[in-house]
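Student: The structure is given below, and queries will be raised subsequently.
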Amino acid sequence: MKAWLAFIMCFGLSLAWAESPTVWFGKKNASRVLVINSALDLTSFEPILQDFVAQYPDVRVAYRDVNTLELYYLTIEEQSSPVASLAISSAMDLHFKLVNDGYARTYQSSLTDNLPQDFKWRDQLFAFSLEPIVMLVNKDAFPGPLPEDRQSLLQTIRQHGQAMTKRIGTYDIRQSGVGYLLASQDARQADLTWGRLLEAFGSHDVQTYCCTHNIIDDVADGKLVLGYNLLGSYASQRAKDDDRLKMILPKDFTLMLMRAALVPKNAPNPQDAGLFIDFLLSDRAQKMMQEQGLLFPIHPDVKNADDPFVVSAPGPTGIIELDQQLLVGRDYAKQQRFIRNWEIAFEISQQE
């Protein structure tokens, strides 16, 4: 307990997760309750939750939306006093670590058995969406041609330094679990540009955030001209409804991230947690994700290539694989070094 609390305080994380607001779905007199702790924005998930309780009226769902890093520690903390029966996260490495450290329980069904091996681990971790990691630009505010890849972004920063200063946003990898994952994967995939990106971001006062929607809000308002390494589902939703915004899948390479669910080891209602996992993997929910523009499903209908929720990357894609390689970046010593190098590059003091 003391170790993880010290870790949270070390990185300035709020303990507000303990008081995360709960949103209820379903009938008040339902005979069973399923509590879900999730790092998935409710705006993208509410239609699925509403449809689930309509299909299973005996289940009432309590939904708590928390940050990816907070979710990791909350799942550990709740082992001694279980509350949630399902945990959903985009921070694949943290969810994988929970499984590896014995904090998840096994679940099997015909739907999970049919899930490709690349999209599950030990019958304890199950991916239900696969989405691109993107850049989002404000077309009206961006100086020069819109970037096609990381190299052209660097060129714009060099040519329009003043216009770009304090107007690029990305995750604070000390506060965001998914932000750390994406930065560490960027460092592996973009070894030729990663160092230059860090230097350029740092020298132009990049703005750092805990959460995707905050970055998108500031891009839309023109406070930022570009958001870097954003979750594609959120960016696509906003770009579809706002003509000022354009989502860009980098043509040098586009990372692909899985959202995944696990049942905590001491879950009080594992049966309905499994039922919800099956629902997420069902054709019904997968179709909802795509047709309603909620998430990028793992089983998209590709007949309409112009569908914004079918990934059409202009260059190579790199799926972040659900395997033990994820644990390398979460080795504590390596993690500390990576974060410290990030702080130095971004000229951020450890006290911030």
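By order in the structure tokens, chains are A, B, ...; within a chain, residues start at 1; ligands start at 1, following the order shown.
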Do you know which residues are at most 10 Å from Ser85 of chain A counting only C-alpha atoms, after dropping those on the same chain fewer than 4 positions away, and could you put them as an NGL selection string?

Tutor: :A and (33-37 or 75 or 78 or 262-274)

Student: Could you name the residues that touch Val99 of chain A at 8 Å or less, counting only C-alpha atoms, but leaving out those on the same chain fewer than 4 positions away, as a PyMOL selection string?

Tutor: chain A and resi 95+103-104+124-125

Student: Of the candidates A:Asp172, A:Asp301, A:Asp283, A:Asp51, which shows the shortest atom-to-atom distance to Gln207 of chain A, using only C-alpha atoms?

Tutor: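 Once distances to Gln207 of chain A are computed over only C-alpha atoms, the minimum belongs to A:Asp172.
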
Student: Quick one, how far is atom CA of Gln237 of chain A from atom CA of Gly293 of chain A?

Tutor: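 Rounded to one decimal, the two atoms are 6.6 Å apart.
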
Student: Just checking: using only C-alpha atoms, which residue out of A:Ser233, A:Gln324, A:Lys27, A:Ala62 ends up closest to Val310 of chain A?

Tutor: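 So, comparing all the options, the nearest one is A:Ser233.
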
Student: Could you work out how far atom CA of Glu347 of chain A lies from atom CA of Asp205 of chain A, giving the answer in Å with one decimal?

Tutor: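 Pair atom CA of Asp205 of chain A / atom CA of Glu347 of chain A returns 8.2 Å.
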
Student: Where in segment 178-234 of chain A does DSSP assign strand (DSSP E), given as number ranges by chain?

Tutor: A: 207-209, 226-231

Student: Between A:Ile157, A:Ala239, A:Val61, A:Ile248, which is the closest to Leu49 of chain A once you count only C-alpha atoms?

Tutor: A:Val61

Student: Could you name the residues that touch Thr68 of chain A at 9 Å or less, counting only C-alpha atoms, but leaving out those on the same chain fewer than 6 positions away, as a JSON list (two decimals) with N, CA, C and O atoms, in the first residue's frame?

Tutor:
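And here's part37.json as it stands now:
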[["chain", "number", "residue", "atom", "x", "y", "z"],
["A", 38, "SER", "N", -13.40, 1.87, -15.55],
["A", 38, "SER", "CA", -12.99, 1.96, -16.95],
["A", 38, "SER", "C", -12.31, 3.28, -17.26],
["A", 38, "SER", "O", -12.64, 4.31, -16.70],
["A", 39, "ALA", "N", -11.35, 3.21, -18.19],
["A", 39, "ALA", "CA", -10.68, 4.41, -18.68],
["A", 39, "ALA", "C", -11.21, 4.80, -20.05],
["A", 39, "ALA", "O", -10.50, 5.45, -20.83],
["A", 40, "LEU", "N", -12.44, 4.41, -20.34],
["A", 40, "LEU", "CA", -13.06, 4.72, -21.62],
["A", 40, "LEU", "C", -14.10, 5.81, -21.40],
["A", 40, "LEU", "O", -15.00, 5.66, -20.59],
["A", 88, "ILE", "N", -11.58, -1.98, -17.63],
["A", 88, "ILE", "CA", -11.38, -1.74, -19.06],
["A", 88, "ILE", "C", -10.36, -0.62, -19.23],
["A", 88, "ILE", "O", -10.48, 0.44, -18.61],
["A", 89, "SER", "N", -9.35, -0.85, -20.08],
["A", 89, "SER", "CA", -8.28, 0.13, -20.21],
["A", 89, "SER", "C", -7.69, 0.14, -21.61],
["A", 89, "SER", "O", -7.70, -0.87, -22.32],
["A", 90, "SER", "N", -7.17, 1.31, -22.01],
["A", 90, "SER", "CA", -6.38, 1.43, -23.23],
["A", 90, "SER", "C", -4.89, 1.30, -22.94],
["A", 90, "SER", "O", -4.09, 1.20, -23.87],
["A", 91, "ALA", "N", -4.51, 1.32, -21.66],
["A", 91, "ALA", "CA", -3.10, 1.13, -21.28],
["A", 91, "ALA", "C", -2.82, -0.37, -21.25],
["A", 91, "ALA", "O", -2.84, -1.01, -20.20],
["A", 94, "LEU", "N", -0.26, -1.83, -18.71],
["A", 94, "LEU", "CA", -0.67, -1.90, -17.31],
["A", 94, "LEU", "C", -1.67, -3.03, -17.09],
["A", 94, "LEU", "O", -1.60, -3.73, -16.07],
["A", 175, "GLN", "N", 1.40, 11.08, -15.68],
["A", 175, "GLN", "CA", 0.03, 11.00, -15.19],
["A", 175, "GLN", "C", -0.85, 10.05, -16.00],
["A", 175, "GLN", "O", -1.85, 9.55, -15.48],
["A", 176, "SER", "N", -0.50, 9.83, -17.25],
["A", 176, "SER", "CA", -1.32, 9.03, -18.14],
["A", 176, "SER", "C", -0.65, 7.70, -18.44],
["A", 176, "SER", "O", 0.44, 7.66, -19.03],
["A", 177, "GLY", "N", -1.32, 6.61, -18.06],
["A", 177, "GLY", "CA", -0.77, 5.29, -18.35],
["A", 177, "GLY", "C", -0.68, 5.04, -19.84],
["A", 177, "GLY", "O", 0.34, 4.54, -20.34],
["A", 178, "VAL", "N", -1.73, 5.39, -20.59],
["A", 178, "VAL", "CA", -1.69, 5.18, -22.04],
["A", 178, "VAL", "C", -0.69, 6.13, -22.68],
["A", 178, "VAL", "O", -0.04, 5.79, -23.67],
["A", 179, "GLY", "N", -0.52, 7.32, -22.12],
["A", 179, "GLY", "CA", 0.46, 8.26, -22.64],
["A", 179, "GLY", "C", 1.87, 7.70, -22.54],
["A", 179, "GLY", "O", 2.68, 7.82, -23.48]]

Student: For a test of reading the model, state the distance in Å between atom CA of Tyr171 of chain A and atom CA of Pro47 of chain A, rounded to one decimal.

Tutor: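 If I compute the distance from atom CA of Tyr171 of chain A to atom CA of Pro47 of chain A, I get 26.9 Å.
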
Student: Taking into account only C-alpha atoms, which residue in the set A:Leu257, A:Leu86, A:Cys210, A:Val59 is nearest to Leu182 of chain A?

Tutor: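 Closest candidate: A:Leu257.
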
Student: Contacts of segment 325-329 of chain A at 7 Å or less, counting only C-alpha atoms, minus same-chain residues fewer than 5 places along, as a VMD selection string?

Tutor: chain A and resid 93 97 184 334 to 335

Student: Counting only C-alpha atoms, figure out which residue out of A:Gln189, A:Ser44, A:Asn229, A:Gln336 gets nearest to Pro316 of chain A.

Tutor: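 Nearest candidate to Pro316 of chain A out of A:Gln189, A:Ser44, A:Asn229, A:Gln336: A:Gln189.
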
Student: Using only C-alpha atoms, can you tell me which of A:Phe119, A:Tyr56, A:Phe25, A:Phe253 comes closest to Gln185 of chain A?

Tutor: A:Phe253

Student: Excluding Arg238 of chain A and any residue of its chain fewer than 3 positions from it, enumerate the residues within 10 Å of it, using only C-alpha atoms, and give them as JSON, numbers by chain.

Tutor: {"A": [136, 213, 216, 217, 220, 232, 233, 234, 235, 241, 242, 243, 244, 245, 246, 247]}

Student: List every residue of segment 93-196 of chain A that DSSP, applied to the backbone of this structure, assigns to helix (DSSP H, G or I), and report them as a ChimeraX atom specification.

Tutor: /A:93-100,110-113,117-119,150-159,161-164,177-189,194-196

Student: Would you output that residue set with N, CA and C atoms, as a short mmCIF file (atom, residue, chain, number, x, y, z; two decimals), in the first residue's frame?

Tutor:
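Result file follows (result29.cif):
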data_model
loop_
_atom_site.label_atom_id
_atom_site.label_comp_id
_atom_site.auth_asym_id
_atom_site.auth_seq_id
_atom_site.Cartn_x
_atom_site.Cartn_y
_atom_site.Cartn_z
N ASP A 93 -0.22 -2.17 -21.50
CA ASP A 93 0.88 -2.66 -20.69
C ASP A 93 0.51 -2.79 -19.22
N LEU A 94 -0.26 -1.83 -18.71
CA LEU A 94 -0.67 -1.90 -17.31
C LEU A 94 -1.67 -3.03 -17.09
N HIS A 95 -2.58 -3.23 -18.02
CA HIS A 95 -3.52 -4.35 -17.90
C HIS A 95 -2.78 -5.68 -18.00
N PHE A 96 -1.81 -5.74 -18.91
CA PHE A 96 -1.01 -6.95 -19.05
C PHE A 96 -0.25 -7.24 -17.75
N LYS A 97 0.28 -6.19 -17.14
CA LYS A 97 1.01 -6.36 -15.88
C LYS A 97 0.10 -6.87 -14.78
N LEU A 98 -1.15 -6.39 -14.75
CA LEU A 98 -2.11 -6.89 -13.76
C LEU A 98 -2.31 -8.40 -13.92
N VAL A 99 -2.45 -8.84 -15.16
CA VAL A 99 -2.59 -10.27 -15.42
C VAL A 99 -1.34 -11.01 -14.99
N ASN A 100 -0.18 -10.50 -15.39
CA ASN A 100 1.08 -11.17 -15.07
C ASN A 100 1.32 -11.26 -13.57
N SER A 110 -17.56 -19.24 -25.80
CA SER A 110 -17.38 -19.50 -27.23
C SER A 110 -16.83 -18.26 -27.94
N LEU A 111 -17.24 -17.07 -27.49
CA LEU A 111 -16.76 -15.85 -28.13
C LEU A 111 -15.29 -15.58 -27.81
N THR A 112 -14.89 -15.80 -26.57
CA THR A 112 -13.47 -15.59 -26.26
C THR A 112 -12.60 -16.68 -26.88
N ASP A 113 -13.15 -17.90 -26.98
CA ASP A 113 -12.39 -18.98 -27.63
C ASP A 113 -12.15 -18.67 -29.11
N GLN A 117 -5.66 -15.38 -31.17
CA GLN A 117 -4.68 -15.40 -30.08
C GLN A 117 -4.00 -14.05 -29.89
N ASP A 118 -3.84 -13.31 -30.96
CA ASP A 118 -3.18 -12.00 -30.86
C ASP A 118 -4.00 -10.98 -30.08
N PHE A 119 -5.29 -11.30 -29.85
CA PHE A 119 -6.17 -10.34 -29.19
C PHE A 119 -6.60 -10.79 -27.80
N ARG A 150 5.83 12.36 -39.17
CA ARG A 150 6.63 12.99 -38.12
C ARG A 150 7.71 13.89 -38.70
N GLN A 151 8.27 13.50 -39.83
CA GLN A 151 9.31 14.31 -40.43
C GLN A 151 8.76 15.66 -40.90
N SER A 152 7.58 15.66 -41.52
CA SER A 152 7.01 16.93 -41.97
C SER A 152 6.56 17.78 -40.78
N LEU A 153 6.18 17.14 -39.67
CA LEU A 153 5.87 17.90 -38.45
C LEU A 153 7.12 18.60 -37.94
N LEU A 154 8.24 17.89 -37.93
CA LEU A 154 9.50 18.50 -37.52
C LEU A 154 9.87 19.68 -38.41
N GLN A 155 9.64 19.52 -39.70
CA GLN A 155 9.95 20.60 -40.64
C GLN A 155 9.11 21.84 -40.36
N THR A 156 7.82 21.62 -40.06
CA THR A 156 6.95 22.76 -39.73
C THR A 156 7.41 23.45 -38.45
N ILE A 157 7.81 22.67 -37.47
CA ILE A 157 8.29 23.26 -36.22
C ILE A 157 9.53 24.11 -36.48
N ARG A 158 10.42 23.62 -37.33
CA ARG A 158 11.63 24.39 -37.65
C ARG A 158 11.30 25.67 -38.39
N GLN A 159 10.37 25.60 -39.33
CA GLN A 159 10.07 26.75 -40.18
C GLN A 159 9.13 27.77 -39.51
N GLY A 161 8.61 28.21 -35.93
CA GLY A 161 8.86 27.98 -34.52
C GLY A 161 8.00 28.82 -33.60
N GLN A 162 7.87 30.10 -33.92
CA GLN A 162 7.11 30.99 -33.04
C GLN A 162 5.64 30.59 -33.01
N ALA A 163 5.09 30.25 -34.17
CA ALA A 163 3.67 29.89 -34.24
C ALA A 163 3.38 28.55 -33.58
N MET A 164 4.42 27.72 -33.44
CA MET A 164 4.24 26.40 -32.85
C MET A 164 4.54 26.38 -31.36
N GLY A 177 -1.32 6.61 -18.06
CA GLY A 177 -0.77 5.29 -18.35
C GLY A 177 -0.68 5.04 -19.84
N VAL A 178 -1.73 5.39 -20.59
CA VAL A 178 -1.69 5.18 -22.04
C VAL A 178 -0.69 6.13 -22.68
N GLY A 179 -0.52 7.32 -22.12
CA GLY A 179 0.46 8.26 -22.64
C GLY A 179 1.87 7.70 -22.54
N TYR A 180 2.18 7.07 -21.41
CA TYR A 180 3.50 6.44 -21.25
C TYR A 180 3.67 5.31 -22.26
N LEU A 181 2.64 4.49 -22.42
CA LEU A 181 2.72 3.38 -23.37
C LEU A 181 3.01 3.89 -24.77
N LEU A 182 2.28 4.91 -25.22
CA LEU A 182 2.45 5.40 -26.58
C LEU A 182 3.81 6.06 -26.77
N ALA A 183 4.29 6.79 -25.78
CA ALA A 183 5.61 7.40 -25.89
C ALA A 183 6.70 6.34 -25.97
N SER A 184 6.59 5.30 -25.15
CA SER A 184 7.60 4.25 -25.17
C SER A 184 7.56 3.47 -26.47
N GLN A 185 6.37 3.27 -27.03
CA GLN A 185 6.26 2.59 -28.31
C GLN A 185 6.78 3.48 -29.44
N ASP A 186 6.53 4.78 -29.36
CA ASP A 186 7.08 5.72 -30.33
C ASP A 186 8.61 5.64 -30.34
N ALA A 187 9.18 5.57 -29.16
CA ALA A 187 10.64 5.51 -29.06
C ALA A 187 11.19 4.26 -29.73
N ARG A 188 10.42 3.16 -29.67
CA ARG A 188 10.85 1.92 -30.32
C ARG A 188 10.65 1.97 -31.83
N GLN A 189 9.49 2.47 -32.26
CA GLN A 189 9.14 2.43 -33.67
C GLN A 189 9.80 3.54 -34.48
N TRP A 194 12.39 9.97 -33.03
CA TRP A 194 11.95 10.16 -31.66
C TRP A 194 12.78 11.21 -30.92
N GLY A 195 14.09 11.08 -30.99
CA GLY A 195 14.95 12.02 -30.29
C GLY A 195 14.76 13.45 -30.79
N ARG A 196 14.62 13.61 -32.10
CA ARG A 196 14.43 14.94 -32.66
C ARG A 196 13.06 15.51 -32.28
#
